[in-house]
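Notes to accompany the following structure.
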Amino acid sequence: MDFDLSDEQRQLKDNLERLMAAEYGFDKRTAYAASPHGWSRELWATYAELGLLAVPFAEADGGIGGGPTETMIIMEQLGHAMALEPYLATVVLGGGFLRHGGSVEQKARLIPGIVSGETTLAFAQQEKQSRYDLADVATTARRDGNGWVIDGEKGVVIGGDAADHFIVTARTAGARRDHTGIGAFIVDAKSTGLSRRGYVTQDGQRAAQLTFAGVKVPASDVIGDSAGALPLIERVVDEGIAALCAEAIGVMTMMHATTLDYLKTRKQFGLTIGSFQAVQHRAADMFVALEQARSMAMFATMMADDSDARERARAISAAKVQIGRSGRQIGQEAVQLHGGIAMTMEYNVGHAFKRMTMIDRMFGDTDHHLARLAGLGGVIG
Amino acid sequence: MDFDLSDEQRQLKDNLERLMAAEYGFDKRTAYAASPHGWSRELWATYAELGLLAVPFAEADGGIGGGPTETMIIMEQLGHAMALEPYLATVVLGGGFLRHGGSVEQKARLIPGIVSGETTLAFAQQEKQSRYDLADVATTARRDGNGWVIDGEKGVVIGGDAADHFIVTARTAGARRDHTGIGAFIVDAKSTGLSRRGYVTQDGQRAAQLTFAGVKVPASDVIGDSAGALPLIERVVDEGIAALCAEAIGVMTMMHATTLDYLKTRKQFGLTIGSFQAVQHRAADMFVALEQARSMAMFATMMADDSDARERARAISAAKVQIGRSGRQIGQEAVQLHGGIAMTMEYNVGHAFKRMTMIDRMFGDTDHHLARLAGLGGVIG
Amino acid sequence: MDLRFSPEEIAFRDEVRHFFATQIPAAIRNKTIEGRKFEKSDIVTAHKIMYARGWATPNWPKEWGGTGWTPIQQYIFMEELQQSGSPQPLQFNVQMCGPVLIQFASEAQKKRFLPRMASLDDWWCQGFSEPGAGSDLASLKTTAKRDGDTYVVNGQKTWTTLGQYADWIFCLVRTDLAAKKQEGISFLLIDMKTPGITVRPIQTIDGGREVNEVFFDDVRVPVENLVGQENKGWDYAKFLLGNERVGIARVGVSKERIRRIRQLAALERDGDRPIIENPRFAEKLAAVEVELKALEMTQLRVVAAERNRGTGKPDPASSVLKIKGSEIQQATTELLMDIMGPYSIPMADDDMDGSNELPIAPDYAGGIAPAYFNWRKISIYGGTNEIQRNIIAKAVLGL
Amino acid sequence: MDLRFSPEEIAFRDEVRHFFATQIPAAIRNKTIEGRKFEKSDIVTAHKIMYARGWATPNWPKEWGGTGWTPIQQYIFMEELQQSGSPQPLQFNVQMCGPVLIQFASEAQKKRFLPRMASLDDWWCQGFSEPGAGSDLASLKTTAKRDGDTYVVNGQKTWTTLGQYADWIFCLVRTDLAAKKQEGISFLLIDMKTPGITVRPIQTIDGGREVNEVFFDDVRVPVENLVGQENKGWDYAKFLLGNERVGIARVGVSKERIRRIRQLAALERDGDRPIIENPRFAEKLAAVEVELKALEMTQLRVVAAERNRGTGKPDPASSVLKIKGSEIQQATTELLMDIMGPYSIPMADDDMDGSNELPIAPDYAGGIAPAYFNWRKISIYGGTNEIQRNIIAKAVLGL
């Protein structure tokens with residue numbers, strides 16, 4: 001057991017930390033958010049140059065062959081800066097489908113574009129009725145000669161407003177919430193019959209609503225088993241949650257540090273507010289919550305590629321619960337201990353609070369994962 | 001709307017407060033607890049002299065005709081002193097069955113003895129499998145000529161080790177958890193076939209385990225409908241819960257006040273510990289919890305004799321939830337803010353903490369009543 | 001002790017309830033229920049309807065247009081108002097500045113300001129907080145320097161809610177720089193049209209632009225606009241701040257939210273059952289309801305005690321109302337988030353009045369997250385909950 | 001970074017697990033599982049079995065009988081021990097006094113005391129707290145006055161756990177009445193058989209008699225029993241108090257409790273289903289498990305960091321372990337109360353070893369409420385959780 005980073009990992013972390021410090025100040029971030037895509041194409045190119053977009057892919061596929069730890073390091077730094085680029089959507093989720101389910105041809109076709117920064121992906125799974133149930137898929141894919149035709153609607157497709165390709169879940173057989181009969185398809189964003197409506201999310205990111213009206217997909221764009229993709233989807237989403245947990249650690253760390261700075265400088269009644277013991281104890285409780293969350297983000301990272309799907313699910317749900325609880329506490333307390341200033345769009349803690357809140361809603365909120373974990377018999381063996 | 005006590009009510013409160021201050025100091029209480037019955041026969045006689053044992057009974061029955069408010073006043077004072085006498089068991093619960101369900105003959109037979117202090121009662125309802133379900137009755141009463149024969153076991157009969165009569169719930173028809181087919185019986189403690197094992201409870205009160213082996217009960221000792229007593233039982237228990245809430249307010253008030261005294265006198269690092277802001281805020285939170293609980297104890301009192309059983313149940317469950325939560329917070333905080341001293345049997349806060357804990361387990365704990373309330377559609381109309 | 005409303009009180013409640021249901025336009029009240037924001041015109045319309053009925057200033061003395069209601073009646077009125085979804089009579093006029101003028105202003109000032117204040121012909125806003133003076137309000141730095149018949153005001157106020165609509169602002173200004181910090185403050189009324197005043201909106205994290213910074217650059221204010229005595233403004237400010245008993249807990253607002261939660265939780269489904277049928281959700285909701293019912297009783301106890309204590313003396317126990325009231329209001333926004341789940345993520349369009357079915361989510365989802373964000377302010381404003389705990393510890397518990 | 005145990009660590013864990021399962025009598029270990037208390041003989045038996053294996057003092061240097069294990073191995077050992085239900089090697093000997101002697105005592109003292117301390121031939125207890133000195137330990141008043149070759153000790157210690165069994169007590173005493181309070185304290189070893197010592201048990205709210213007051217009335221202690229320098233005892237005490245990293249979170253204890261909770265919740269029924277099938281209960285349990293799993297990882301991070309930080313330097317983050325560890329342990333006692341419901345009310349008979357089926361409730365119900373009461377101490381002793389928050393605020397956060 002060893003919690004230390006390797007030299008390469010430390011270098012990755014330091015490099016990214018430096019880049020974010022230089023390129024992700026409050027004003028720059030605000031400008032990225034206001035740009036057409038809502039994120040920085042230039043920085044995305046820099047990520048590509050630094051190899052960040054290649055990290056999880058196998059060397060044989062043009063990647064670097066990094067593991068969950070490298071993804072954790074990157075996501076934490078992106079979270080700390082509240083970076084807007086679609087790393088999760090493109091590299092972790094989109095890339096995850098290719099890595100775990102893609103054919104040799106699919107990998108060869110798509111990974112180079114991801115790695116070079118030319119191609120972005122988005123995962124189109126959510127439907128109006130589905131809430132957090134990955135098996136609740138009403139969008140259909142029916143056979144059409146050698147290929148498939150997709151009809152339906154997908155929403156809250158994070159990063160979907162600018163993505164070049166979507167990974168779309170669709171039902172190829174069975175009833176709406178059946179666990180079999182689900183396929184995962186690569187769909188070109190420019191496909192005929194596919195329309196999208198991009199929009200801003202509550203935390204200033206971008207997403208899209210997609211409408212599929214007879215969208216034709218060739219057989220070569222089915223990922224793996226056209227009727228048995230759910231285990232793959234669950235695996236990729238579990239990895240996505242682990243990455244999201246790491247991002248959340250970055251967001252929380254920033255909120256906690258910013259709050260501490262504020263407590264040390266803001267004076268009221270002639271004293272820094274951090275000298276009041278009631279405030280000190282709450283800052284201490286925030287620290288406890290942060291360290292517990294950090295531990296669980298590490299645990300999720302360790303278990304993200306576990307071969308036992310049940311053990312993986314227990315770990316991932318446990319981590320999402322801890323992240324959700326710590327994130328809520330740290331976010332609410334950061335705002336409260338700041339007072340009015342953190343209620344404004346002119347201060348980073350407010351944005352972080354919103355991002356943290358939205359992370360809790362992605363891929364299952366705290367209550368959802370608590371119920372899932374209870375159903376799996378808890379996390380203590 | 002009027003929260004003021006009437007002159008008579010104020011006098012009742014003041015008298016009892018004085019009596020308790022004089023007769024329920026720590027050492028005296030310890031002596032009562034160590035006496036054979038675990039409570040003071042002399043004080044019980046004084047209660048009788050003061051009319052406390054007559055309060056809820058109609059004047060026509062030899063009582064004083066007091067209402068829920070008077071019961072609230074008495075129970076709060078008894079709680080504040082952590083009085084050990086079986087007021088709840090005898091007057092509120094036992095008396096409740098007589099008042100709401102007793103025949104003219106039963107009232108005439110039993111109430112004078114209660115009022116004079118000669119007779120104590122206890123409510124025998126709990127069974128090994130029944131937990132908090134009042135309808136879960138396995139003890140049977142079968143017809144035997146003109147009377148009944150009771151067989152079964154009852155446990156955690158509070159005040160049951162010294163009671164002269166029991167009010168016993170028994171199944172006269174139907175299956176174990178049916179809502180009909182339950183009767184309530186007056187059983188003389190000296191009945192043939194009835195054995196009891198008295199014991200001390202965790203909070204230093206007394207209770208008993210009863211075994212009924214062919215105990216004969218005459219028809220004149222059936223209270224009301226021999227197969228339809230559940231609504232009566234529920235009504236009496238709801239009144240009992242309201243009284244218990246008032247007792248809890250007394251216990252909490254004492255714990256909070258004792259803690260404040262301690263915070264104002266105990267010095268550490270050259271300062272009273274009450275001068276530390278983190279401690280102050282927690283004492284303030286205890287006060288908030290206490291006032292919220294006090295409000296709900298009043299609400300329970302107001303609703304305890306509501307004719308609409310559903311509205312009454314919503315109010316009573318809501319009150320029990322609030323009392324349970326506030327009581328847990330105040331009890332745990334009182335111990336924590338005191339430190340070691342409150343962990344000992346030599347200090348009243350530890351005893352109060354235990355009493356409060358047991359109150360939460362009586363007639364349904366916090367979770368039980370929260371579920372019941374949710375099932376009833378909440379308490380906000 | 002009789003904890004039920006008297007028949008007269010029930011009749012009064014029914015009258016008030018009927019008034020709101022029939023007199024305040026449903027289009028306005030529905031904005032509350034649907035989580036949308038009021039326009040200026042909504043507030044003015046509702047205020048003037050209440051004013052026409054003589055109900056805009058229930059807490060004022062009868063001679064200045066008050067109703068003569070008992071504290072309980074005032075409580076009932078406010079709770080019914082809040083449950084109806086109607087905007088309140090503008091609180092800067094009615095709850096804050098009006099009572100200060102009634103208590104401390106000259107007759108001439110009363111005659112000049114109170115009638116238009118009551119009718120909302122003048123819209124008032126508050127100039128207390130400053131960037132460096134939050135919980136420590138008395139450390140404010142905005143100065144008013146005497147120059148003949150005028151004060152010359154310089155400085156900056158912040159968190160001025162709805163200042164963009166205001167005709168007048170009541171300000172705390174420093175008139176004696178040498179005095180101890182509480183002792184050099186005066187209470188000044190300033191016409192917002194005076195040259196040198198700049199209002200800059202602050203966008204809050206819910207996307208709203210309700211609060212403002214107000215800058216004063218050599219703003220000349222006639223001396224006659226001073227309330228009471230020079231350098232005694234802190235006393236008036238304390239009076240104002242302590243004067244928020246009735247309604248601070250906003251029990252009616254939370255009751256309305258609870259009903260909305262039940263409605264939406266019955267509408268939204270998780271899998272094949274409505275969310276309200278999920279026991280965990282139902283119990284979370286019930287737990288908040290218990291706290292709210294307790295708060296209602298606590299508030300009524302405080303209101304009823306006013307009769308014994310005498311009007312106008314703030315009850316330190318009202319800090320309990322602030323703490324619990326804010327916690328409950330915030331809890332209702334979290335329950336709404338729980339209902340919406342992933343559909344709380346998309347941002348609603350700026351214009352929420354037209355038909356703008358949100359991407360994938362139902363129309364009403366758009367306001368849920370902003371309300372959660374926005375209501376974090378409730379435990380901050382009006383004296384943070386930390387300040388309230390200090391008050392309880394010192395004024396109630398004697399620590 | 002590799003967060004899994006190495007194959008060597010797993011092999012070690014299996015070896016330790018097998019040792020506890022086979023070498024420590026089940027009759028002793030079951031007392032933990034069933035919530036009963038250890039007798040003195042249980043503790044001695046287990047300690048001596050571990051001693052025979054060379055495992056009684058894993059944290060000591062090898063020359064004094066330590067194991068030479070890595071911090072991770074020490075952690076694994078303790079967690080397995082706790083999960084097995086075995087008593088720990090007596091912590092007053094092994095965790096508290098031993099390391100102080102190893103660090104600060106003379107060679108003669110080490111040779112005299114350490115071997116019998118390691119083997120538990122001498123039972124030690126702690127004389128730190130006094131009635132007036134709780135969190136403010138340095139305000140202690142017990143004096144040791146030099147008189148030739150002896151100190152004459154007068155005063156009172158309290159909360160002396162298991163002092164009734166002790167052969168020796170390590171004490172903080174005041175040797176310089178004039179010095180600033182931390183500077184006049186010495187660390188003294190006192191034979192409990194010395195005339196003038198009286199031990200009085202304190203009954204705690206769980207009914208137990210584990211803790212004691214110890215009175216010193218002109219107790220004469222040879223000067224050779226002074227550890228280190230006179231008036232430097234506070235440094236040694238700080239070393240001792242900061243030395244509780246491994247095991248302070250008691251992760252293994254809570255894991256064992258979680259398993260017990262699952263077992264009893266499957267056994268006890270509410271209506272027609274076992275309590276474990278009540279979703280609310282199952283989710284409450286799962287929530288505690290999440291915190292425990294997180295704590296386990298946090299503890300492992302602290303343990304692993306010891307390698308980089310160097311042994312013996314307390315990590316201020318260990319305050320996190322104390323806070324969360326105590327909260328979780330207390331939460332497990334509340335879950336057990338939830339399972340027992342009304343059957344937690346009866347008091348168990350004093351003698352819990354025989355067959356004493358409780359009135360109406362199952363046998364195991366009797367210890368549930370006392371454990372809940374007793375474990376409130378965990379957030380009080382070893383530095384209250386409030387003190388831990390102070391430490392985090394100051395030493396970690398720099399506030």
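The way I read the labels, and the way they are meant: chains A, B, ... in the order of the structure tokens, residue 1 as the first residue of every chain, and ligand 1 as the first ligand shown, with later ones counted on from there.
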
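Near chain C, counting only C-alpha atoms at 6 Å, the chain A residues are Lys128, Gly155, Val200, Thr201, Gln202, Gln209, Gln268, Phe269, Gly339, Met343, Thr344, Met345 and Arg361 of chain A.
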
Go ahead and save the residues from that selection, with N, CA and C atoms, as a PDB file, in the first residue's frame.
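Okay, this is what ended up in result35.pdb:
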ATOM      1  N   LYS A 128     -36.167  11.706 -20.611  1.00  0.00           N
ATOM      2  CA  LYS A 128     -37.107  12.456 -19.779  1.00  0.00           C
ATOM      3  C   LYS A 128     -37.603  11.644 -18.592  1.00  0.00           C
ATOM      4  N   GLY A 155     -31.458  14.038 -23.354  1.00  0.00           N
ATOM      5  CA  GLY A 155     -31.287  15.377 -22.794  1.00  0.00           C
ATOM      6  C   GLY A 155     -30.171  15.432 -21.780  1.00  0.00           C
ATOM      7  N   VAL A 200     -26.972  26.366 -21.696  1.00  0.00           N
ATOM      8  CA  VAL A 200     -26.072  26.527 -20.571  1.00  0.00           C
ATOM      9  C   VAL A 200     -26.671  25.788 -19.379  1.00  0.00           C
ATOM     10  N   THR A 201     -25.826  25.175 -18.588  1.00  0.00           N
ATOM     11  CA  THR A 201     -26.330  24.520 -17.376  1.00  0.00           C
ATOM     12  C   THR A 201     -26.195  25.471 -16.187  1.00  0.00           C
ATOM     13  N   GLN A 202     -26.794  25.071 -15.089  1.00  0.00           N
ATOM     14  CA  GLN A 202     -26.824  25.927 -13.896  1.00  0.00           C
ATOM     15  C   GLN A 202     -25.431  26.308 -13.418  1.00  0.00           C
ATOM     16  N   GLN A 209     -29.830  19.123 -25.767  1.00  0.00           N
ATOM     17  CA  GLN A 209     -30.969  18.229 -25.946  1.00  0.00           C
ATOM     18  C   GLN A 209     -30.867  17.707 -27.374  1.00  0.00           C
ATOM     19  N   GLN A 268     -13.937  41.731  11.199  1.00  0.00           N
ATOM     20  CA  GLN A 268     -15.192  42.250  11.728  1.00  0.00           C
ATOM     21  C   GLN A 268     -14.977  42.428  13.225  1.00  0.00           C
ATOM     22  N   PHE A 269     -15.516  43.492  13.772  1.00  0.00           N
ATOM     23  CA  PHE A 269     -15.342  43.765  15.198  1.00  0.00           C
ATOM     24  C   PHE A 269     -13.849  43.822  15.576  1.00  0.00           C
ATOM     25  N   GLY A 339     -20.413  34.814   3.740  1.00  0.00           N
ATOM     26  CA  GLY A 339     -21.474  35.811   3.718  1.00  0.00           C
ATOM     27  C   GLY A 339     -21.753  36.248   2.285  1.00  0.00           C
ATOM     28  N   MET A 343     -22.371  34.930  -2.513  1.00  0.00           N
ATOM     29  CA  MET A 343     -23.667  34.835  -3.195  1.00  0.00           C
ATOM     30  C   MET A 343     -23.626  35.516  -4.558  1.00  0.00           C
ATOM     31  N   THR A 344     -22.473  36.074  -4.939  1.00  0.00           N
ATOM     32  CA  THR A 344     -22.427  36.829  -6.195  1.00  0.00           C
ATOM     33  C   THR A 344     -21.681  36.072  -7.282  1.00  0.00           C
ATOM     34  N   MET A 345     -22.009  36.435  -8.504  1.00  0.00           N
ATOM     35  CA  MET A 345     -21.346  35.850  -9.665  1.00  0.00           C
ATOM     36  C   MET A 345     -19.925  36.391  -9.827  1.00  0.00           C
ATOM     37  N   ARG A 361     -25.812  15.930  -8.709  1.00  0.00           N
ATOM     38  CA  ARG A 361     -26.975  15.485  -9.503  1.00  0.00           C
ATOM     39  C   ARG A 361     -26.580  14.602 -10.661  1.00  0.00           C
TER      40      ARG A 361
END

Closest pair table for chain D residues within 12 Å of chain C, only C-alpha atoms, as a tab-separated table:
residue	atom	partner	partner_atom	distance
D:Asn278	CA	C:Pro279	CA	10.0
D:Pro279	CA	C:Arg280	CA	7.9
D:Arg280	CA	C:Arg280	CA	6.5
D:Phe281	CA	C:Arg280	CA	10.3
D:Ala282	CA	C:Arg280	CA	11.1
D:Glu283	CA	C:Arg280	CA	9.1
D:Lys284	CA	C:Arg280	CA	10.6

How close does each residue of chain A get to chain B, giving the shortest atom pair and distance in Å to one decimal for every residue with an atom at most 12 Å away, counting only C-alpha atoms, sorted by chain and residue number, as a Markdown table?
| residue | atom | partner | partner_atom | distance |
| --- | --- | --- | --- | --- |
| A:Ser275 | CA | B:Gln277 | CA | 10.4 |
| A:Phe276 | CA | B:Gln277 | CA | 6.9 |
| A:Gln277 | CA | B:Ala278 | CA | 5.3 |
| A:Ala278 | CA | B:Ala278 | CA | 4.0 |
| A:Val279 | CA | B:Ala278 | CA | 7.7 |
| A:Gln280 | CA | B:Ala278 | CA | 8.2 |
| A:His281 | CA | B:Ala278 | CA | 6.9 |
| A:Arg282 | CA | B:Ala278 | CA | 9.0 |
| A:Ala283 | CA | B:Ala278 | CA | 11.7 |
| A:Ala284 | CA | B:Ala278 | CA | 11.7 |

Run DSSP on the backbone and give me the residues of segment 142-218 of chain C it puts in strand (DSSP E or B), as a PyMOL selection string. chain C and resi 143-147+150-157+168-174+185-191+197-202+204+211-218

Report as a list in words all protein, DNA and RNA residues lying within 10 Å of Glu70 of chain A, evaluated on only C-alpha atoms, omitting residues in the same chain fewer than 4 positions from it. Leu5, Glu8, Gln9, Arg10, Leu12, Lys13, Leu52, Val55, Pro56, Gly65, Gly66, Ile74, Met75, Glu76 and Thr301 of chain A; Met1 of chain D

Can you list every residue in segment 154-347 of chain B that DSSP puts in alpha helix (DSSP H), as a ChimeraX atom specification? /B:230-265,277-303,309-338

Counting only C-alpha atoms, the residue of A:Gly79, A:Ala175, A:Arg142, A:Asp136 that sits nearest Phe353 of chain A: A:Gly79

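For Ile249 of chain A, the list of residues within 9 Å, based on only C-alpha atoms and with local chain neighbours fewer than 6 positions off taken out, reads A:Met75, A:Glu76, A:Gln77, A:Gly79, A:His80, A:Leu290, A:Ala293, A:Arg294, A:Ala297, A:Ile323, A:Gly327.
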
Write the selection just made, keeping all heavy atoms, as a PDB file, in the first residue's frame?
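Saved as out29.pdb:
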ATOM      1  N   MET A  75      -8.392  15.166 -13.183  1.00  0.00           N
ATOM      2  CA  MET A  75      -9.732  15.652 -12.845  1.00  0.00           C
ATOM      3  C   MET A  75      -9.702  16.553 -11.614  1.00  0.00           C
ATOM      4  O   MET A  75     -10.438  17.542 -11.525  1.00  0.00           O
ATOM      5  CB  MET A  75     -10.693  14.480 -12.622  1.00  0.00           C
ATOM      6  CG  MET A  75     -11.081  13.723 -13.887  1.00  0.00           C
ATOM      7  SD  MET A  75     -11.905  14.726 -15.168  1.00  0.00           S
ATOM      8  CE  MET A  75     -13.402  15.231 -14.336  1.00  0.00           C
ATOM      9  N   GLU A  76      -8.849  16.212 -10.653  1.00  0.00           N
ATOM     10  CA  GLU A  76      -8.773  17.065  -9.470  1.00  0.00           C
ATOM     11  C   GLU A  76      -8.279  18.456  -9.840  1.00  0.00           C
ATOM     12  O   GLU A  76      -8.816  19.470  -9.365  1.00  0.00           O
ATOM     13  CB  GLU A  76      -7.866  16.440  -8.400  1.00  0.00           C
ATOM     14  CG  GLU A  76      -7.816  17.308  -7.154  1.00  0.00           C
ATOM     15  CD  GLU A  76      -7.049  16.696  -5.987  1.00  0.00           C
ATOM     16  OE1 GLU A  76      -6.816  15.474  -5.996  1.00  0.00           O
ATOM     17  OE2 GLU A  76      -6.687  17.459  -5.069  1.00  0.00           O
ATOM     18  N   GLN A  77      -7.291  18.511 -10.689  1.00  0.00           N
ATOM     19  CA  GLN A  77      -6.776  19.824 -11.086  1.00  0.00           C
ATOM     20  C   GLN A  77      -7.817  20.593 -11.910  1.00  0.00           C
ATOM     21  O   GLN A  77      -7.986  21.804 -11.732  1.00  0.00           O
ATOM     22  CB  GLN A  77      -5.478  19.673 -11.886  1.00  0.00           C
ATOM     23  CG  GLN A  77      -4.305  19.168 -11.046  1.00  0.00           C
ATOM     24  CD  GLN A  77      -4.050  20.034  -9.815  1.00  0.00           C
ATOM     25  OE1 GLN A  77      -4.116  21.256  -9.877  1.00  0.00           O
ATOM     26  NE2 GLN A  77      -3.801  19.396  -8.685  1.00  0.00           N
ATOM     27  N   GLY A  79     -10.939  20.275 -11.643  1.00  0.00           N
ATOM     28  CA  GLY A  79     -11.956  20.703 -10.677  1.00  0.00           C
ATOM     29  C   GLY A  79     -11.504  21.909  -9.873  1.00  0.00           C
ATOM     30  O   GLY A  79     -12.287  22.831  -9.633  1.00  0.00           O
ATOM     31  N   HIS A  80     -10.264  21.902  -9.487  1.00  0.00           N
ATOM     32  CA  HIS A  80      -9.737  23.010  -8.694  1.00  0.00           C
ATOM     33  C   HIS A  80      -9.858  24.316  -9.462  1.00  0.00           C
ATOM     34  O   HIS A  80     -10.172  25.367  -8.887  1.00  0.00           O
ATOM     35  CB  HIS A  80      -8.277  22.726  -8.323  1.00  0.00           C
ATOM     36  CG  HIS A  80      -7.745  23.585  -7.230  1.00  0.00           C
ATOM     37  ND1 HIS A  80      -7.262  24.852  -7.472  1.00  0.00           N
ATOM     38  CD2 HIS A  80      -7.647  23.378  -5.896  1.00  0.00           C
ATOM     39  CE1 HIS A  80      -6.874  25.382  -6.311  1.00  0.00           C
ATOM     40  NE2 HIS A  80      -7.115  24.510  -5.338  1.00  0.00           N
ATOM     41  N   LEU A 290     -13.664  17.250   4.080  1.00  0.00           N
ATOM     42  CA  LEU A 290     -12.819  17.224   2.879  1.00  0.00           C
ATOM     43  C   LEU A 290     -11.900  16.013   2.890  1.00  0.00           C
ATOM     44  O   LEU A 290     -11.755  15.319   1.865  1.00  0.00           O
ATOM     45  CB  LEU A 290     -12.018  18.531   2.805  1.00  0.00           C
ATOM     46  CG  LEU A 290     -10.963  18.646   1.703  1.00  0.00           C
ATOM     47  CD1 LEU A 290     -11.585  18.451   0.319  1.00  0.00           C
ATOM     48  CD2 LEU A 290     -10.282  20.014   1.772  1.00  0.00           C
ATOM     49  N   ALA A 293     -13.774  12.918   2.149  1.00  0.00           N
ATOM     50  CA  ALA A 293     -14.117  12.859   0.724  1.00  0.00           C
ATOM     51  C   ALA A 293     -12.894  12.496  -0.103  1.00  0.00           C
ATOM     52  O   ALA A 293     -12.967  11.674  -1.023  1.00  0.00           O
ATOM     53  CB  ALA A 293     -14.690  14.201   0.282  1.00  0.00           C
ATOM     54  N   ARG A 294     -11.753  13.079   0.242  1.00  0.00           N
ATOM     55  CA  ARG A 294     -10.530  12.790  -0.499  1.00  0.00           C
ATOM     56  C   ARG A 294     -10.206  11.295  -0.396  1.00  0.00           C
ATOM     57  O   ARG A 294      -9.852  10.658  -1.391  1.00  0.00           O
ATOM     58  CB  ARG A 294      -9.379  13.626   0.080  1.00  0.00           C
ATOM     59  CG  ARG A 294      -8.135  13.662  -0.791  1.00  0.00           C
ATOM     60  CD  ARG A 294      -6.980  14.406  -0.110  1.00  0.00           C
ATOM     61  NE  ARG A 294      -7.287  15.762   0.280  1.00  0.00           N
ATOM     62  CZ  ARG A 294      -7.308  16.801  -0.566  1.00  0.00           C
ATOM     63  NH1 ARG A 294      -7.040  16.617  -1.838  1.00  0.00           N
ATOM     64  NH2 ARG A 294      -7.598  18.004  -0.130  1.00  0.00           N
ATOM     65  N   ALA A 297     -12.538   9.464  -2.711  1.00  0.00           N
ATOM     66  CA  ALA A 297     -12.204   9.654  -4.123  1.00  0.00           C
ATOM     67  C   ALA A 297     -11.039   8.731  -4.488  1.00  0.00           C
ATOM     68  O   ALA A 297     -11.007   8.145  -5.574  1.00  0.00           O
ATOM     69  CB  ALA A 297     -11.854  11.110  -4.395  1.00  0.00           C
ATOM     70  N   ILE A 323     -18.878  11.957  -1.301  1.00  0.00           N
ATOM     71  CA  ILE A 323     -18.617  13.187  -2.058  1.00  0.00           C
ATOM     72  C   ILE A 323     -19.835  14.103  -1.992  1.00  0.00           C
ATOM     73  O   ILE A 323     -19.720  15.314  -1.785  1.00  0.00           O
ATOM     74  CB  ILE A 323     -18.286  12.849  -3.529  1.00  0.00           C
ATOM     75  CG1 ILE A 323     -16.978  12.080  -3.621  1.00  0.00           C
ATOM     76  CG2 ILE A 323     -18.268  14.102  -4.390  1.00  0.00           C
ATOM     77  CD1 ILE A 323     -15.742  12.861  -3.291  1.00  0.00           C
ATOM     78  N   GLY A 327     -19.517  17.441  -0.078  1.00  0.00           N
ATOM     79  CA  GLY A 327     -19.638  18.570  -1.003  1.00  0.00           C
ATOM     80  C   GLY A 327     -20.741  19.514  -0.592  1.00  0.00           C
ATOM     81  O   GLY A 327     -20.590  20.747  -0.666  1.00  0.00           O
TER      82      GLY A 327
END

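If you count only C-alpha atoms and ignore residues fewer than 3 places along the chain from Glu289 of chain D, what sits within 10 Å of it is Ala318, Leu373, Ala374, Gly378, Val379, Ile380 and Gly381 of chain A; Ser254, Lys255, Ile258, Glu283, Lys284, Leu285, Ala286, Leu292, Lys293, Ala294, Leu295, Ile328 and Thr332 of chain D.
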
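One finds atom CA of Ala54 of chain A at 26.7 Å from atom CA of Pro218 of chain A.
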